[in-house]
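Shown next, in structure tokens, is the structure this report addresses.
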Amino acid sequence: MDTDRLKATLVGFAGAIAVLALLLYFVGVGDLLRYLRDADAATVGLVIAVTVAWLFAWGLALRTVLDVLGQHVSPIKTFLVFSGAMFNNNVTPFGQAGGEPVTALLISKVTDSDYGTGLAAIASVDTLNFVPSIILALLGMGYFATQTTFNARLESASIVVVGLAVVVVAGLVFGWRNHERVEAAVVSLGARAGRLAGEYVPRVADPGREAVEKRVSHFFEAIERVATNPRGLVLALLFSALGWGLQMSGLWLAFRAIGEPVSLAAVMFVVPIGAIAGMTPLPGGAGGIEAVLVFLLVAAPLPGVTESVALAAVVIYRGAVFWVPVVLGGLVMGTVGAGARASA
């Protein structure tokens, strides 16, 4: 990790700690520690198990996309690669936006393919993951609305979900219909950025417009191959939906672990909205996601769910979702890095 990236990561984690400290200040530490101390260990173990299963499911989605791109990888290897991807997202600011360039390099090394293929693969998986998350959130919102009366907070969250659905669908349609114009714009921006980097950044050479155009063209060709493969799309979406279901089950099990069960519809509604906070400058959304989840869970009229209950369940759930990929993915990144240095 270079010095600038390390500084950005440290600043991001400092921000995450500040947000979490503020959350603890308002909720209180005493009740939180009591709930965590009394949590059922076997159920907490199930939360960790479904977290591993979630990584495996989204790893299968990545494997499906790579297969469409002509890169045949075993399920275990894509599970490890996706764990590495989540490690990158969790230790870099802006989540996926910050981690995916590194993940693309990881994929290219593991599959012995070019960087553009790796970037197209992980970008495709990220895009596909939006679709089932929005659908599941809308289903959970619809069912939850039949069981309770929405207050102002929940109405605002519902507007966010519906608005996000509209924006994503409109963006995908626009991008597909105008992919040639989008590709040309990316080439122009990339060539300009390369020229500026060559002029002002030490030890960085301008790749030239022709090289940029070649790489961008390869990337968009790979995206088109994925988008025009119905079988691959359906299979990847199914694995993505399975992964989201497992994530939601993790939060549902976390509430059961502390003895305050909630409906599955409630977690279907809040988990995808909480994931939006992963786009903040905080590494892996740490702090932001927890705050959003607690805010929504407390806003929802769920019997027995106080601020302390909500935070305790979120700490168990996010502890698994954040740290399991960090541990597994960190081992993967360390192993790949060591192998690269040994072969240099």
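Residues in the structure tokens are numbered from 1 in each chain, the chains being A, B, ... in the order shown, and ligands are numbered from 1 in the order shown.
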
Could you give me, as a PDB file with all heavy atoms, in the first residue's frame, the residues within 10 Å of Thr127 (chain A), counting only C-alpha atoms and dropping anything in the same chain fewer than 4 positions from it?
ATOM      1  N   ILE A 122     -15.295  -7.395 -11.997  1.00  0.00           N
ATOM      2  CA  ILE A 122     -15.745  -6.908 -10.701  1.00  0.00           C
ATOM      3  C   ILE A 122     -16.760  -5.777 -10.854  1.00  0.00           C
ATOM      4  O   ILE A 122     -17.693  -5.654 -10.056  1.00  0.00           O
ATOM      5  CB  ILE A 122     -14.540  -6.468  -9.830  1.00  0.00           C
ATOM      6  CG1 ILE A 122     -14.970  -6.335  -8.371  1.00  0.00           C
ATOM      7  CG2 ILE A 122     -13.905  -5.197 -10.354  1.00  0.00           C
ATOM      8  CD1 ILE A 122     -15.429  -7.628  -7.748  1.00  0.00           C
ATOM      9  N   ALA A 123     -16.623  -4.961 -11.926  1.00  0.00           N
ATOM     10  CA  ALA A 123     -17.610  -3.906 -12.172  1.00  0.00           C
ATOM     11  C   ALA A 123     -18.957  -4.517 -12.520  1.00  0.00           C
ATOM     12  O   ALA A 123     -20.018  -4.011 -12.088  1.00  0.00           O
ATOM     13  CB  ALA A 123     -17.135  -3.000 -13.306  1.00  0.00           C
ATOM     14  N   VAL A 131     -29.243  -4.882  -8.384  1.00  0.00           N
ATOM     15  CA  VAL A 131     -30.589  -5.265  -8.823  1.00  0.00           C
ATOM     16  C   VAL A 131     -31.350  -6.048  -7.757  1.00  0.00           C
ATOM     17  O   VAL A 131     -32.436  -5.641  -7.340  1.00  0.00           O
ATOM     18  CB  VAL A 131     -30.520  -6.048 -10.152  1.00  0.00           C
ATOM     19  CG1 VAL A 131     -31.917  -6.484 -10.591  1.00  0.00           C
ATOM     20  CG2 VAL A 131     -29.860  -5.202 -11.235  1.00  0.00           C
ATOM     21  N   VAL A 168     -31.003   3.750 -10.815  1.00  0.00           N
ATOM     22  CA  VAL A 168     -30.202   2.621 -11.304  1.00  0.00           C
ATOM     23  C   VAL A 168     -30.731   2.112 -12.634  1.00  0.00           C
ATOM     24  O   VAL A 168     -29.969   1.909 -13.589  1.00  0.00           O
ATOM     25  CB  VAL A 168     -30.173   1.486 -10.254  1.00  0.00           C
ATOM     26  CG1 VAL A 168     -29.569   0.217 -10.860  1.00  0.00           C
ATOM     27  CG2 VAL A 168     -29.372   1.907  -9.032  1.00  0.00           C
ATOM     28  N   LEU A 172     -28.729   2.388 -16.170  1.00  0.00           N
ATOM     29  CA  LEU A 172     -28.364   1.211 -16.955  1.00  0.00           C
ATOM     30  C   LEU A 172     -28.906   1.316 -18.380  1.00  0.00           C
ATOM     31  O   LEU A 172     -28.207   0.999 -19.349  1.00  0.00           O
ATOM     32  CB  LEU A 172     -28.892  -0.060 -16.280  1.00  0.00           C
ATOM     33  CG  LEU A 172     -28.204  -0.457 -14.968  1.00  0.00           C
ATOM     34  CD1 LEU A 172     -28.906  -1.655 -14.360  1.00  0.00           C
ATOM     35  CD2 LEU A 172     -26.730  -0.769 -15.201  1.00  0.00           C
TER      36      LEU A 172
END

Residue contacts of Gly142 (chain A) (10 Å, only C-alpha atoms) excluding same-chain residues fewer than 5 positions away, as a PyMOL selection string:
chain A and resi 136-137+147+158+265+269

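Atom pair CA of Ile273 (chain A) / CA of Val160 (chain A) has a distance of 8.0 Å (rounded to one decimal).
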
Extract, using only C-alpha atoms, all DNA, RNA and protein residues at most 10 Å from Ile134 (chain A), discarding same-chain residues fewer than 6 positions from it, and format them as a list in words.
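The residues that qualify are Gly140, Val161, Val162, Leu164, Ala165, Val166, Val168, Met268, Phe269, Pro272 and Ile273 of chain A.
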
Restricting to only C-alpha atoms, whichever of A:Phe87, A:Tyr317, A:Phe130, A:Tyr115 is closest to Ser249 (chain A) is A:Tyr317

Pick from A:Ala312, A:Thr146, A:Arg231, A:Trp176 nearest to Val29 (chain A), counting only C-alpha atoms:
A:Ala312

Apply DSSP to the backbone of this structure and, from region 102-298 of chain A, keep only the residues in alpha helix (DSSP H); write these as a PyMOL selection string.
chain A and resi 102-111+115-147+152-177+179-200+209-227+230-257+264-276+288-298

Contact residues around His72 (chain A) with only C-alpha atoms at 10 Å, ignoring same-chain residues under 6 positions, as a list in words
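Once the nearby chain positions are removed, what remains is Arg63, Thr64, Val65, Leu66, Thr78 and Thr111 of chain A.
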
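Restricting the calculation to only C-alpha atoms, the smallest distance between Ile316 (chain A) and any of A:Ala299, A:Ala257, A:Met86, A:Ala266 is found for A:Ala257.
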
All residues 10 Å or closer to Glu180 (chain A), only C-alpha atoms, same chain fewer than 5 positions away omitted, as a ChimeraX atom specification
/A:175,185-186,217,220

Between CA of Ala275 (chain A) and CA of Glu290 (chain A), what is the spacing in Å?
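Distance reported for this atom pair: 9.6 Å.
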
Work out how far CA of Gly250 (chain A) is from CA of Arg37 (chain A), in Å to one decimal.
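Value for the CA of Arg37 (chain A)-CA of Gly250 (chain A) distance: 18.5 Å.
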
Nearby residues (only C-alpha atoms) at most 10 Å from Met333 (chain A), same-chain spacing under 6 positions excluded, as a PyMOL selection string:
chain A and resi 80-81+83-85+87-88+102-103+106+326+339

Write the selection just made, keeping all heavy atoms, as a compact mmCIF listing (two decimals), in the first residue's frame?
# COMPACT_ATOMS: atom_id res chain seq x y z
N LEU A 80 -12.17 -17.10 -2.50
CA LEU A 80 -11.02 -16.43 -1.93
C LEU A 80 -10.78 -15.07 -2.59
O LEU A 80 -10.45 -14.09 -1.91
CB LEU A 80 -9.78 -17.31 -2.07
CG LEU A 80 -9.80 -18.62 -1.26
CD1 LEU A 80 -8.59 -19.48 -1.60
CD2 LEU A 80 -9.88 -18.35 0.22
N VAL A 81 -10.94 -15.03 -3.92
CA VAL A 81 -10.76 -13.76 -4.63
C VAL A 81 -11.79 -12.74 -4.17
O VAL A 81 -11.46 -11.56 -3.95
CB VAL A 81 -10.85 -13.97 -6.16
CG1 VAL A 81 -10.93 -12.62 -6.89
CG2 VAL A 81 -9.65 -14.75 -6.66
N SER A 83 -13.30 -12.66 -1.31
CA SER A 83 -12.92 -12.25 0.05
C SER A 83 -11.85 -11.16 -0.02
O SER A 83 -11.88 -10.19 0.75
CB SER A 83 -12.40 -13.45 0.84
OG SER A 83 -13.41 -14.43 1.00
N GLY A 84 -10.89 -11.34 -0.96
CA GLY A 84 -9.89 -10.30 -1.16
C GLY A 84 -10.51 -9.00 -1.63
O GLY A 84 -10.08 -7.91 -1.22
N ALA A 85 -11.54 -9.11 -2.49
CA ALA A 85 -12.23 -7.91 -2.97
C ALA A 85 -12.89 -7.17 -1.81
O ALA A 85 -12.80 -5.93 -1.71
CB ALA A 85 -13.28 -8.30 -4.01
N PHE A 87 -12.00 -7.34 1.31
CA PHE A 87 -10.92 -6.77 2.12
C PHE A 87 -10.53 -5.40 1.57
O PHE A 87 -10.39 -4.43 2.33
CB PHE A 87 -9.72 -7.72 2.12
CG PHE A 87 -8.47 -7.11 2.68
CD1 PHE A 87 -8.24 -7.08 4.04
CD2 PHE A 87 -7.51 -6.55 1.83
CE1 PHE A 87 -7.09 -6.51 4.56
CE2 PHE A 87 -6.35 -5.98 2.34
CZ PHE A 87 -6.14 -5.96 3.72
N ASN A 88 -10.34 -5.32 0.25
CA ASN A 88 -9.97 -4.05 -0.37
C ASN A 88 -11.03 -2.98 -0.13
O ASN A 88 -10.72 -1.82 0.15
CB ASN A 88 -9.76 -4.24 -1.87
CG ASN A 88 -8.56 -5.10 -2.19
OD1 ASN A 88 -7.56 -5.05 -1.47
ND2 ASN A 88 -8.64 -5.90 -3.23
N VAL A 102 -7.95 -2.11 -7.09
CA VAL A 102 -7.01 -3.08 -6.53
C VAL A 102 -7.55 -4.50 -6.74
O VAL A 102 -6.79 -5.43 -7.04
CB VAL A 102 -6.77 -2.82 -5.03
CG1 VAL A 102 -5.74 -3.80 -4.47
CG2 VAL A 102 -6.33 -1.39 -4.80
N THR A 103 -8.85 -4.67 -6.59
CA THR A 103 -9.47 -5.97 -6.81
C THR A 103 -9.29 -6.43 -8.25
O THR A 103 -9.05 -7.61 -8.51
CB THR A 103 -10.97 -5.90 -6.47
OG1 THR A 103 -11.12 -5.56 -5.09
CG2 THR A 103 -11.66 -7.24 -6.74
N LEU A 106 -5.99 -7.90 -8.53
CA LEU A 106 -5.98 -9.22 -7.89
C LEU A 106 -6.56 -10.27 -8.83
O LEU A 106 -5.99 -11.36 -9.00
CB LEU A 106 -6.79 -9.17 -6.59
CG LEU A 106 -7.08 -10.51 -5.91
CD1 LEU A 106 -5.79 -11.17 -5.45
CD2 LEU A 106 -8.04 -10.32 -4.73
N VAL A 326 -12.26 -9.18 6.14
CA VAL A 326 -10.95 -8.54 6.38
C VAL A 326 -9.90 -9.61 6.73
O VAL A 326 -8.78 -9.59 6.21
CB VAL A 326 -11.05 -7.50 7.52
CG1 VAL A 326 -9.67 -7.11 8.02
CG2 VAL A 326 -11.78 -6.26 7.02
N GLY A 339 3.55 -13.94 -3.35
CA GLY A 339 3.85 -14.68 -4.56
C GLY A 339 4.36 -13.79 -5.67
O GLY A 339 5.27 -14.16 -6.42

Write out as a ChimeraX atom specification each polymer residue whose atoms come within 8 Å of Val187 (chain A), counting only C-alpha atoms; drop sequence neighbours fewer than 4 positions from it.
/A:183,191,209,212-213,216

Go ahead and write the selection's residues with N, CA, C and O atoms as a PDB file, in the first residue's frame.
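Okay, this is what ended up in selection01.pdb:
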ATOM      1  N   GLU A 183     -18.210   5.359 -23.957  1.00  0.00           N
ATOM      2  CA  GLU A 183     -16.850   4.856 -24.171  1.00  0.00           C
ATOM      3  C   GLU A 183     -15.928   5.969 -24.672  1.00  0.00           C
ATOM      4  O   GLU A 183     -14.792   6.109 -24.200  1.00  0.00           O
ATOM      5  N   ALA A 191      -7.341   9.728 -21.348  1.00  0.00           N
ATOM      6  CA  ALA A 191      -6.176  10.283 -22.044  1.00  0.00           C
ATOM      7  C   ALA A 191      -5.735  11.591 -21.405  1.00  0.00           C
ATOM      8  O   ALA A 191      -4.531  11.844 -21.232  1.00  0.00           O
ATOM      9  N   ARG A 209      -2.838   8.330 -25.868  1.00  0.00           N
ATOM     10  CA  ARG A 209      -4.257   8.135 -26.148  1.00  0.00           C
ATOM     11  C   ARG A 209      -4.541   6.758 -26.753  1.00  0.00           C
ATOM     12  O   ARG A 209      -5.550   6.121 -26.438  1.00  0.00           O
ATOM     13  N   VAL A 212      -4.661   4.129 -24.036  1.00  0.00           N
ATOM     14  CA  VAL A 212      -5.873   4.310 -23.231  1.00  0.00           C
ATOM     15  C   VAL A 212      -7.090   3.806 -23.997  1.00  0.00           C
ATOM     16  O   VAL A 212      -7.943   3.105 -23.452  1.00  0.00           O
ATOM     17  N   GLU A 213      -7.164   4.161 -25.270  1.00  0.00           N
ATOM     18  CA  GLU A 213      -8.303   3.738 -26.095  1.00  0.00           C
ATOM     19  C   GLU A 213      -8.374   2.215 -26.197  1.00  0.00           C
ATOM     20  O   GLU A 213      -9.460   1.632 -26.151  1.00  0.00           O
ATOM     21  N   VAL A 216      -9.629   0.851 -22.721  1.00  0.00           N
ATOM     22  CA  VAL A 216     -11.039   1.175 -22.507  1.00  0.00           C
ATOM     23  C   VAL A 216     -11.920   0.347 -23.438  1.00  0.00           C
ATOM     24  O   VAL A 216     -12.975  -0.161 -23.036  1.00  0.00           O
TER      25      VAL A 216
END

Best match for closeness to Ser240 (chain A) among A:Gly116, A:Pro132, A:Gly163, A:Gly171, counting only C-alpha atoms:
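For Ser240 (chain A), the nearest of the candidates is A:Pro132.
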